[in-house]
Every structure is written in C-alpha cells, then in structure tokens.
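Below: the structure, in structure tokens.
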Amino acid sequence: MNRDSNVYTFTFATLMVFVVATVLAYTSFSLKDLQNENVRKEKMQNILSTVGIKTDRDGAEKLFDQYIKEQLAVQSDGSIDNSVNVFKDVKLALELKKSSDTQDFPLYVAEIDSEKFYIIPIRGNGLWNAIFGYISLKEDLNTIKGVVFDHVGETAGLGAEITQDWFIERFIDEKLFDANSNLMGITVSKTNNDPSNLDKTDHEVDAISGATITGDGVTDMIKERITHYVPYFEFIKSSNSIAVVSNNNLNLN
Amino acid sequence: MSKNKVLLTDPLDDNNPITVQVLGICSALAITVQLKAAIVMSLSVIAVMAASNVIISILRDLIPNRIRIIVQLVVVASMVVLVDQVLRAYAYDVSKELSIFIGLIITNCIVMGRLEAFALGNGVWRSFLDGVGNAFGYAWILILVAFFRELLGSGKLLGIQAIPDFIYEMGYVDNGLMLLSPMALITVGLIIWVQRSRNRKLIEQG
C-alpha cells in the first residue's frame, strides 16, 4: 500500500481519532465516580477547614456529619427553601449565571462546643479563571472565623498564592460590617497602612505583590456573595434578640 | 543483548537527557521543590514514555510519513490524559499539586525526541527499553534535585522533618532560596559539573 497517498493519510488520521476518542471516553467514564468522590470529600474538607477543623480527605465525611448541623438554601428575600439539597445540588458556578432573585444561596451552619458558625461558599473571577472558596462567620454574623480559597488557573507564585496559609490567616477576625451595620466586605488592599494586620476593624487585608487582579477578585467575590445573605442575617439577628427579650421576661417573672 | 542493555544505561549517564542533552529542563525546575511531587512526576513520565514509545514502534510501518509528528503528538497527548485521569482518581492530592505540569509532559522535549529519533526506526522491545532508559535518566536527576531542594529548603524529606531539632537550636536556618526556581537551575548545574569531572567522555575536544 502506498503510505504517501492522500487516501491512506486521511484514512489513517480518521481511524486514529476514532480509536483515541473511544479509549479516552471510556477511561473518563469509568473513573468518573472515583474522581467525583474525591471532589465531594475535598468540598467537605474545605468547609470544615474554615471553622478550624483540619482533617484528611478520608476523615472529612464523618467530621462533616458531626459538626455541620444545618445546610440551608437561603433565598434573596431572606427566607429558606427547604426542598433543596444544598450540598449536593447547588453548584455555585451555575447559580451565578442566574439572576440574583432566583438563586439559591447555600449556607452551612456548624456547631462546635455549642458555638455556632455560619459558612458561606463564595465564587468569583480571578485573572485567568474562576476563584472560589468558603468564608465562615462567628455567631455575631460579622467577625470572620476563617476562610479558604482555591482557584482554577491563577498564576503560580502570584495569584495562586491566595490558597496559602499566610494569606488566609490575614482574614481571621476581620469584620465584614462597619459600626452602623453597613456591609463593607474585606478589601484586599495595596495601600493597606496596616501590614502586620493588627487593626481588625479596617475591613482591609494586605494584598499580594503581583497579584492585583486576583486580589481584586477576592475583594469582589466576598462582598458580592455576602450581600445576598444580609436579609437572612437580619432575620437571624431579630429572632435572636426576640429570644433574648423573652428570656429576660422569663427571668423577670 | 549488551546492545539492548546500553539502551537502558546510556541515558543514565553518558547520554542523560537533562544533564547532557539539556532537554526537559522546564519541568526539572518547576516541580523539584518537594521530593514527593518529583517522584510522582518521574513515574508519570516513565509510564508515558514507555507506553508511547511502544505504541509508535508498533505503528511505525503504518504511520503516514507526512503526518507522523501529528500522530506522535496525539499518542503522547492521549497517554498524558490517561495518566492525569488515573491520578485524579487515585492520587487526588498529588494531581492537584502537579496540576498543569502533568499536562505539560506533552511538551517535554524528551518524549517527542525519543519517538522521532528512536521509536520510528526500531523494534518494539528496543523502543520500550529506550523509553524506560531515558525516562529513568530524567527521573534520577529530577529526584536528586528535589532531594537537595527539599532538604536544604524546608529541612524535610517526603514531608517528614529530616534535620533534627538540635541543629536548628544551634542556629541553623532553612535556606528559602532553595525553594525558588533559580536554585534548581544551579543545582542541575552542579550535578553537570560533578558528572563532567567524573566522566571524561563528556568533555568537548578543542
């Protein structure tokens, strides 16, 4: 057979593509379950790490069930949709494409030593691709307990550094709201006058040199996501204060 | 038989892909901060090179000459995707750590170089040995560099503390510079220096 003829070349190429596609599709299909399982456990691991529980991937499931007491689908008006399985069915990447009044806003409530923490998944855009993570708030719904960030394709050594402990630790104990309960978010700032991060009420953390766009992305995603939870936070706060008042009444009686 | 043995041993020293041919340097710089990542990368490259060398060698009388580079690329790329998928299923943490570098095995000059230079003109068994030999030549340099970088840079080996506490108490400090890419280049340079002073064959005449 003439190996240099056009017919042979095209036939070979077509066959090759067909065989390769079959092999790759088969592999991808048969490994899918194992891969998804890893991603699922990693999600649990990330959620737990924001409230200070470090675990390996295999231990994540048990601890997740132990500490995460509620998984809520918050609506834009502050109500809860109980029909949604938040952990499994709400994909933030897809939710973000909807208009904000039809989105489900996932909220995980953890309880550790009878202290409550509210964990909010966040997602936004970095320089090259999506950045995402979780942010957990203490019971006052204002002070940050912990954060975790991850990214799809930020520059290694620059934007990708947002996943590092030294960056994440800057967010701990920062406040999201100012004294008048206005949402300020946390600004990843190049002009932060507080590089050692002692002032926890300035709503600012120090940026990473060379990662301006990624840092701005972190700023934006925190503020954009938290905004949608404010109605629900107001609801919790008001019901908490009612509880306090009724407790006081009880004491008086 | 001894001719076949040369295929395995030659790339380890006299014809080492990294220190003599200076191929595949980029990944040698990028993923040698930790020993574990370097070992997994080495295993992946061994698997990819052995498999693609064998496949190209089997097909060598069928591959149309005009699209042979494309065919090589497709074979290497599919092998790399396979390795990536397997790692994601069975070694998720490592696959996250290596992320793009697994994909970049495709662009590793050693792989394409051996396919074009060897597998297209040699039998299956010899091609297999050549692939494994060259991959090992790449692997042991990678692991050696990673050994020094992790030991001197973070005082650990495979993530376990290797430098005892009393040395730190005497005032020893980890050298953070070792963790940056330039020191990988310098380490490779030092290995080349040692290799050349031991192996006179490598020194250019004139």
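If you're wondering about the labels, chains in the structure tokens are A, B, ... by order shown, residues count from 1 in each chain, ligands from 1 in order shown.
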Contacts between range 29-50 of chain A and range 52-143 of chain B, please, where a residue of range 52-143 of chain B counts if it comes within 7 Å (with only C-alpha atoms); show its shortest atom pair and distance in Å to one decimal, rows by chain and ascending number, as a Markdown table.
```
| residue | atom | partner | partner_atom | distance |
| --- | --- | --- | --- | --- |
| B:Arg88 | CA | A:Gln35 | CA | 6.0 |
| B:Ala89 | CA | A:Gln35 | CA | 4.6 |
| B:Tyr92 | CA | A:Asn38 | CA | 6.8 |
```
Find the residues in chain A near chain B: any atom within 12 Å counts, using only C-alpha atoms. Write them as a count of residues only. 54
For Thr163 in chain A, work out the shell of residues within 9 Å, counting only C-alpha atoms and skipping chain neighbours fewer than 4 positions away, then give it as JSON, numbers by chain. {"A": [148, 149, 150, 151, 159, 167, 168]}
Running DSSP on the backbone, which parts of range 67-177 of chain A land in helix (DSSP H, G or I), as a ChimeraX atom specification? /A:67,86-89,92-95,159-163,165-171
Suppose we keep N, CA and C atoms; can you now write the selection as a short mmCIF file (atom, residue, chain, number, x, y, z; two decimals), in the first residue's frame?
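Result file is again.cif:
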```cif
data_model
loop_
_atom_site.label_atom_id
_atom_site.label_comp_id
_atom_site.auth_asym_id
_atom_site.auth_seq_id
_atom_site.Cartn_x
_atom_site.Cartn_y
_atom_site.Cartn_z
N TYR A 67 -20.21 17.92 62.69
CA TYR A 67 -20.19 19.34 63.05
C TYR A 67 -21.18 20.20 62.27
N VAL A 86 -28.68 21.28 49.57
CA VAL A 86 -27.68 22.30 49.26
C VAL A 86 -26.34 21.71 48.84
N PHE A 87 -25.86 20.78 49.65
CA PHE A 87 -24.51 20.27 49.42
C PHE A 87 -24.39 19.59 48.06
N LYS A 88 -25.43 18.83 47.72
CA LYS A 88 -25.34 18.01 46.52
C LYS A 88 -25.77 18.78 45.27
N ASP A 89 -26.83 19.56 45.38
CA ASP A 89 -27.46 20.08 44.16
C ASP A 89 -27.12 21.52 43.81
N LEU A 92 -22.38 26.45 42.69
CA LEU A 92 -22.28 27.91 42.69
C LEU A 92 -21.99 28.46 41.30
N ALA A 93 -21.19 27.72 40.54
CA ALA A 93 -20.83 28.19 39.19
C ALA A 93 -22.08 28.38 38.34
N LEU A 94 -23.08 27.49 38.53
CA LEU A 94 -24.31 27.59 37.76
C LEU A 94 -25.24 28.64 38.35
N GLU A 95 -25.28 28.71 39.70
CA GLU A 95 -26.15 29.68 40.35
C GLU A 95 -25.79 31.10 39.93
N GLY A 159 -0.91 34.95 41.75
CA GLY A 159 -2.32 34.82 42.11
C GLY A 159 -2.62 33.53 42.85
N ALA A 160 -1.90 32.47 42.49
CA ALA A 160 -2.17 31.17 43.11
C ALA A 160 -1.84 31.16 44.60
N GLU A 161 -1.11 32.17 45.06
CA GLU A 161 -0.74 32.24 46.47
C GLU A 161 -1.94 32.48 47.39
N ILE A 162 -3.10 32.86 46.81
CA ILE A 162 -4.27 33.09 47.68
C ILE A 162 -4.66 31.85 48.45
N THR A 163 -4.19 30.69 48.02
CA THR A 163 -4.55 29.48 48.75
C THR A 163 -3.67 29.26 49.98
N ASP A 165 -1.57 29.54 53.53
CA ASP A 165 -1.98 29.84 54.90
C ASP A 165 -1.69 31.28 55.29
N TRP A 166 -0.53 31.80 54.89
CA TRP A 166 -0.19 33.15 55.34
C TRP A 166 -1.13 34.20 54.78
N PHE A 167 -1.73 33.93 53.63
CA PHE A 167 -2.71 34.88 53.08
C PHE A 167 -4.06 34.70 53.77
N ILE A 168 -4.46 33.46 53.91
CA ILE A 168 -5.75 33.14 54.53
C ILE A 168 -5.82 33.68 55.96
N GLU A 169 -4.68 33.57 56.68
CA GLU A 169 -4.69 33.97 58.09
C GLU A 169 -4.95 35.47 58.27
N ARG A 170 -4.66 36.25 57.23
CA ARG A 170 -4.91 37.70 57.34
C ARG A 170 -6.39 38.02 57.52
N PHE A 171 -7.26 37.13 57.09
CA PHE A 171 -8.70 37.42 57.15
C PHE A 171 -9.30 37.12 58.52
#
```
Residue contacts of range 213-218 of chain A (7 Å, only C-alpha atoms) excluding same-chain residues fewer than 4 positions away, as a PyMOL selection string: chain A and resi 124-127+159+188+207+222
Where does DSSP see strand (DSSP E or B) in range 2-200 of chain B, if you list the residues as a list in words? Lys156, Leu157, Ile160 and Gln161 of chain B
Measuring atom to atom with only C-alpha atoms, identify which of A:Lys175, A:Lys237, A:Lys116, A:Arg123 is nearest to Lys91 in chain A. A:Arg123
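Distance check against Gly159 in chain B using only C-alpha atoms: of B:Phe147, B:Asn134, B:Arg114, B:Gly189, the minimum falls on B:Phe147.
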